[in-house]
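K.L.:
I have a structure here, written as structure tokens, and I will follow up with some questions on it.
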Amino acid sequence: MRELCSLGNARFVVVGLNPQRIGTESEARVPGLPTWSGMDYQDTGLGEARTRFEAVTHPHVIGGLDAVEWLQRHHENRDVVNYIRLRGQFLGRMQGQVRIRHLFVDETHLHPFDGVGRRVGVEIDLVYVGGRR
């Protein structure tokens with residue numbers, strides 16, 4: 001199986017829990033102070049950096065619930081995990097150490113035999129706590 005990225009022990013793969021959207025956000029803190037001649041801005045450094053993940057799986061067909069369980073475990077334990085992303089030539093790139101701030105799991109079309117959603121979507125909000133991109 002081709003692994004596209006990983007968050008700790010949770011693996012995002014082509015067949016399984018598959019990432020659908022990845023967005024990054026960061027801020028530079030530049031407060032302004034009014035002066036007689038306009039505004040005076042001062043660079044006070046970088047603020048927090050975040051990455052937002054959306055992933056989906058169809059567990060009855062392709063699995064992927066093991067990765068969802070790992071995400072829940074990392075979130076509940078407040079683990080600091082490595083965020084690694086696949087790049088060209090099958091090389092992985094360490095994006096940084098992150099903590100899962102928000103985790104949202106959405107199950108739709110519950111299966112009548114086991115009660116698990118036929119489609120399971122995951123939204124994850126990561127915050128970088130060490131070694132930023």
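Letters for chains follow the order of the structure tokens (A, B, ...), residue numbers begin at 1 for each chain, and ligand numbers begin at 1 in the order shown.
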Do you know which residues are at most 9 Å from Asn9 of chain A counting only C-alpha atoms, after dropping those on the same chain fewer than 3 positions away, and could you put them as a PDB file with N, CA and C atoms, in the first residue's frame?
P.N.:
ATOM      1  N   SER A   6       1.597  10.433   7.352  1.00  0.00           N
ATOM      2  CA  SER A   6       1.332   9.782   8.632  1.00  0.00           C
ATOM      3  C   SER A   6       1.349  10.812   9.750  1.00  0.00           C
ATOM      4  N   ALA A  67      -6.636   3.450  11.409  1.00  0.00           N
ATOM      5  CA  ALA A  67      -6.033   4.785  11.420  1.00  0.00           C
ATOM      6  C   ALA A  67      -6.896   5.766  12.206  1.00  0.00           C
ATOM      7  N   TRP A  70      -6.216   5.196  15.834  1.00  0.00           N
ATOM      8  CA  TRP A  70      -4.939   5.788  16.241  1.00  0.00           C
ATOM      9  C   TRP A  70      -5.062   7.300  16.402  1.00  0.00           C
ATOM     10  N   LEU A  71      -5.794   7.947  15.505  1.00  0.00           N
ATOM     11  CA  LEU A  71      -5.998   9.389  15.645  1.00  0.00           C
ATOM     12  C   LEU A  71      -6.715   9.709  16.953  1.00  0.00           C
ATOM     13  N   HIS A  74      -4.206   9.203  19.852  1.00  0.00           N
ATOM     14  CA  HIS A  74      -3.228  10.305  19.942  1.00  0.00           C
ATOM     15  C   HIS A  74      -3.890  11.571  20.482  1.00  0.00           C
ATOM     16  N   VAL A  81       3.199  14.057  18.076  1.00  0.00           N
ATOM     17  CA  VAL A  81       3.544  13.049  17.072  1.00  0.00           C
ATOM     18  C   VAL A  81       4.238  13.710  15.884  1.00  0.00           C
TER      19      VAL A  81
END
K.L.:
Taking the DSSP secondary structure from the backbone, can you list the residues of chain A that are strand (DSSP E or B), as JSON, numbers by chain?
P.N.:
{"A": [3, 4, 5, 6, 7, 10, 11, 12, 13, 18, 19, 20, 21, 22, 23, 24, 25, 26, 27, 28, 29, 32, 33, 34, 35, 38, 39, 40, 41, 45, 46, 47, 48, 49, 50, 51, 52, 53, 54, 55, 56, 57, 81, 82, 83, 84, 85, 86, 92, 93, 94, 95, 96, 97, 98, 99, 100, 101, 102, 103, 104, 105, 106, 107, 108, 109, 110, 117, 118, 119, 120, 121, 122, 123, 124, 125, 126, 127, 128, 129, 130]}
K.L.:
Looking at only C-alpha atoms, which of A:Thr44, A:Thr57, A:Thr51, A:Gln20 is the one that sits closest to Ile100 of chain A?
P.N.:
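Using only C-alpha atoms, Ile100 of chain A sits closest to A:Thr51.
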K.L.:
Can you work out which one of A:Gly38, A:Pro112, A:Pro19, A:Gly121 has the shortest atom-to-atom distance to Phe53 of chain A, counting only C-alpha atoms?
P.N.:
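Result for the nearest residue to Phe53 of chain A: A:Pro19.
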K.L.:
Excluding Val68 of chain A and its own-chain neighbours fewer than 4 positions away, which residues fall within 10 Å of it when counting only C-alpha atoms? Please give them as a CSV table (one decimal) with all heavy atoms, in the first residue's frame.
P.N.:
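around-v2.csv, freshly written:
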chain,number,residue,atom,x,y,z
A,10,ALA,N,-0.9,6.7,12.9
A,10,ALA,CA,-2.1,6.8,12.0
A,10,ALA,C,-1.5,7.0,10.6
A,10,ALA,O,-0.8,8.0,10.3
A,10,ALA,CB,-3.0,7.9,12.3
A,11,ARG,N,-1.8,6.0,9.7
A,11,ARG,CA,-1.3,6.1,8.3
A,11,ARG,C,-2.4,6.5,7.4
A,11,ARG,O,-3.5,5.9,7.4
A,11,ARG,CB,-0.7,4.7,7.9
A,11,ARG,CG,0.3,4.1,8.9
A,11,ARG,CD,1.6,4.9,8.9
A,11,ARG,NE,2.6,4.2,9.6
A,11,ARG,CZ,3.3,4.8,10.6
A,11,ARG,NH1,3.0,6.0,11.0
A,11,ARG,NH2,4.2,4.1,11.3
A,12,PHE,N,-2.1,7.4,6.5
A,12,PHE,CA,-3.1,7.8,5.5
A,12,PHE,C,-2.6,7.2,4.2
A,12,PHE,O,-1.5,7.5,3.8
A,12,PHE,CB,-3.1,9.4,5.4
A,12,PHE,CG,-3.7,10.0,6.6
A,12,PHE,CD1,-2.9,10.3,7.7
A,12,PHE,CD2,-5.0,10.4,6.7
A,12,PHE,CE1,-3.4,10.9,8.8
A,12,PHE,CE2,-5.5,11.0,7.8
A,12,PHE,CZ,-4.7,11.3,8.9
A,17,LEU,N,-7.8,4.9,4.9
A,17,LEU,CA,-8.1,6.3,5.3
A,17,LEU,C,-7.3,7.2,4.3
A,17,LEU,O,-6.1,7.4,4.4
A,17,LEU,CB,-7.7,6.6,6.8
A,17,LEU,CG,-8.2,8.0,7.3
A,17,LEU,CD1,-9.7,8.1,7.2
A,17,LEU,CD2,-7.7,8.1,8.7
A,55,ALA,N,-10.0,13.6,5.7
A,55,ALA,CA,-9.8,12.3,5.1
A,55,ALA,C,-11.1,11.5,5.1
A,55,ALA,O,-12.0,11.8,5.9
A,55,ALA,CB,-8.7,11.6,5.9
A,56,VAL,N,-11.2,10.5,4.3
A,56,VAL,CA,-12.4,9.7,4.2
A,56,VAL,C,-12.0,8.2,4.0
A,56,VAL,O,-11.0,7.9,3.4
A,56,VAL,CB,-13.3,10.2,3.1
A,56,VAL,CG1,-12.7,10.0,1.7
A,56,VAL,CG2,-14.7,9.6,3.2
A,57,THR,N,-12.9,7.4,4.5
A,57,THR,CA,-12.7,5.9,4.1
A,57,THR,C,-14.1,5.3,4.1
A,57,THR,O,-15.1,5.8,4.6
A,57,THR,CB,-11.9,5.2,5.2
A,57,THR,OG1,-11.6,3.9,4.7
A,57,THR,CG2,-12.5,5.1,6.5
A,64,GLY,N,-9.5,1.1,7.1
A,64,GLY,CA,-9.2,2.4,7.4
A,64,GLY,C,-9.5,2.8,8.8
A,64,GLY,O,-9.1,3.8,9.3
A,72,GLN,N,-7.7,8.9,17.3
A,72,GLN,CA,-8.5,9.2,18.5
A,72,GLN,C,-7.6,8.9,19.7
A,72,GLN,O,-7.6,9.7,20.7
A,72,GLN,CB,-9.7,8.3,18.6
A,72,GLN,CG,-10.8,8.7,17.6
A,72,GLN,CD,-11.9,7.7,17.5
A,72,GLN,OE1,-11.8,6.5,17.7
A,72,GLN,NE2,-13.1,8.2,17.2
A,73,ARG,N,-6.7,7.9,19.7
A,73,ARG,CA,-5.8,7.6,20.8
A,73,ARG,C,-4.8,8.8,21.0
A,73,ARG,O,-4.6,9.2,22.1
A,73,ARG,CB,-5.1,6.3,20.6
A,73,ARG,CG,-4.2,6.0,21.7
A,73,ARG,CD,-3.6,4.6,21.5
A,73,ARG,NE,-4.6,3.6,21.7
A,73,ARG,CZ,-4.4,2.3,21.6
A,73,ARG,NH1,-3.2,1.9,21.3
A,73,ARG,NH2,-5.3,1.5,21.8
A,74,HIS,N,-4.2,9.2,19.9
A,74,HIS,CA,-3.2,10.3,19.9
A,74,HIS,C,-3.9,11.6,20.5
A,74,HIS,O,-3.3,12.3,21.3
A,74,HIS,CB,-2.6,10.6,18.6
A,74,HIS,CG,-1.6,9.6,18.1
A,74,HIS,ND1,-0.7,9.0,18.9
A,74,HIS,CD2,-1.5,9.0,16.9
A,74,HIS,CE1,0.0,8.1,18.2
A,74,HIS,NE2,-0.4,8.1,17.0
A,103,LEU,N,-10.5,17.0,16.7
A,103,LEU,CA,-10.7,15.8,15.9
A,103,LEU,C,-12.2,15.6,15.8
A,103,LEU,O,-13.0,15.6,16.8
A,103,LEU,CB,-10.1,14.6,16.6
A,103,LEU,CG,-10.4,13.2,16.0
A,103,LEU,CD1,-9.7,13.1,14.6
A,103,LEU,CD2,-9.9,12.1,16.9
A,105,VAL,N,-15.0,13.2,13.8
A,105,VAL,CA,-15.3,11.9,13.1
A,105,VAL,C,-16.7,11.9,12.7
A,105,VAL,O,-17.6,12.0,13.6
A,105,VAL,CB,-14.9,10.7,13.9
A,105,VAL,CG1,-15.2,9.4,13.1
A,105,VAL,CG2,-13.4,10.7,14.3
A,120,VAL,N,-16.9,7.0,6.5
A,120,VAL,CA,-16.4,7.6,7.7
A,120,VAL,C,-15.5,8.7,7.3
A,120,VAL,O,-14.5,8.5,6.6
A,120,VAL,CB,-15.7,6.6,8.6
A,120,VAL,CG1,-15.1,7.3,9.8
A,120,VAL,CG2,-16.6,5.5,9.0
A,121,GLY,N,-15.8,10.0,7.6
A,121,GLY,CA,-15.0,11.1,7.3
A,121,GLY,C,-14.3,11.6,8.6
A,121,GLY,O,-14.9,11.5,9.7
A,122,VAL,N,-13.1,12.1,8.5
A,122,VAL,CA,-12.3,12.7,9.6
A,122,VAL,C,-11.8,14.1,9.2
A,122,VAL,O,-11.4,14.3,8.1
A,122,VAL,CB,-11.1,11.7,9.9
A,122,VAL,CG1,-10.3,12.3,11.0
A,122,VAL,CG2,-11.6,10.3,10.2
K.L.:
Between atom CA of Arg21 of chain A and atom CA of Leu126 of chain A, what distance in Å does the model show, to one decimal?
P.N.:
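Result for atom CA of Arg21 of chain A versus atom CA of Leu126 of chain A: 13.4 Å, one decimal.
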K.L.:
Which value, in Å to one decimal, gives the distance between atom CA of Ser26 of chain A and atom CA of Val13 of chain A?
P.N.:
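Computed distance, atom CA of Ser26 of chain A to atom CA of Val13 of chain A, equals 26.0 Å.
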K.L.:
From the list A:Arg29, A:Arg99, A:His60, A:His111, which residue is nearest Gly8 of chain A when using only C-alpha atoms?
P.N.:
A:Arg99
K.L.:
List the neighbours of Arg101 of chain A out to 8 Å using only C-alpha atoms; skip same-chain residues closer than 3 positions along the sequence, and give me the result as JSON, numbers by chain.
P.N.:
{"A": [75, 124, 125, 126, 127]}
K.L.:
Got a sec to tell me which of segment 44-88 of chain A DSSP assigns to helix (DSSP H, G or I), as an MDAnalysis selection string?
P.N.:
chainID A and resid 59:62 65:76 88
K.L.:
In Å, rounded to a single decimal, give me how far atom CA of Val15 of chain A is from atom CA of Gly96 of chain A.
P.N.:
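Atom-to-atom, atom CA of Gly96 of chain A and atom CA of Val15 of chain A are spaced 24.7 Å apart.
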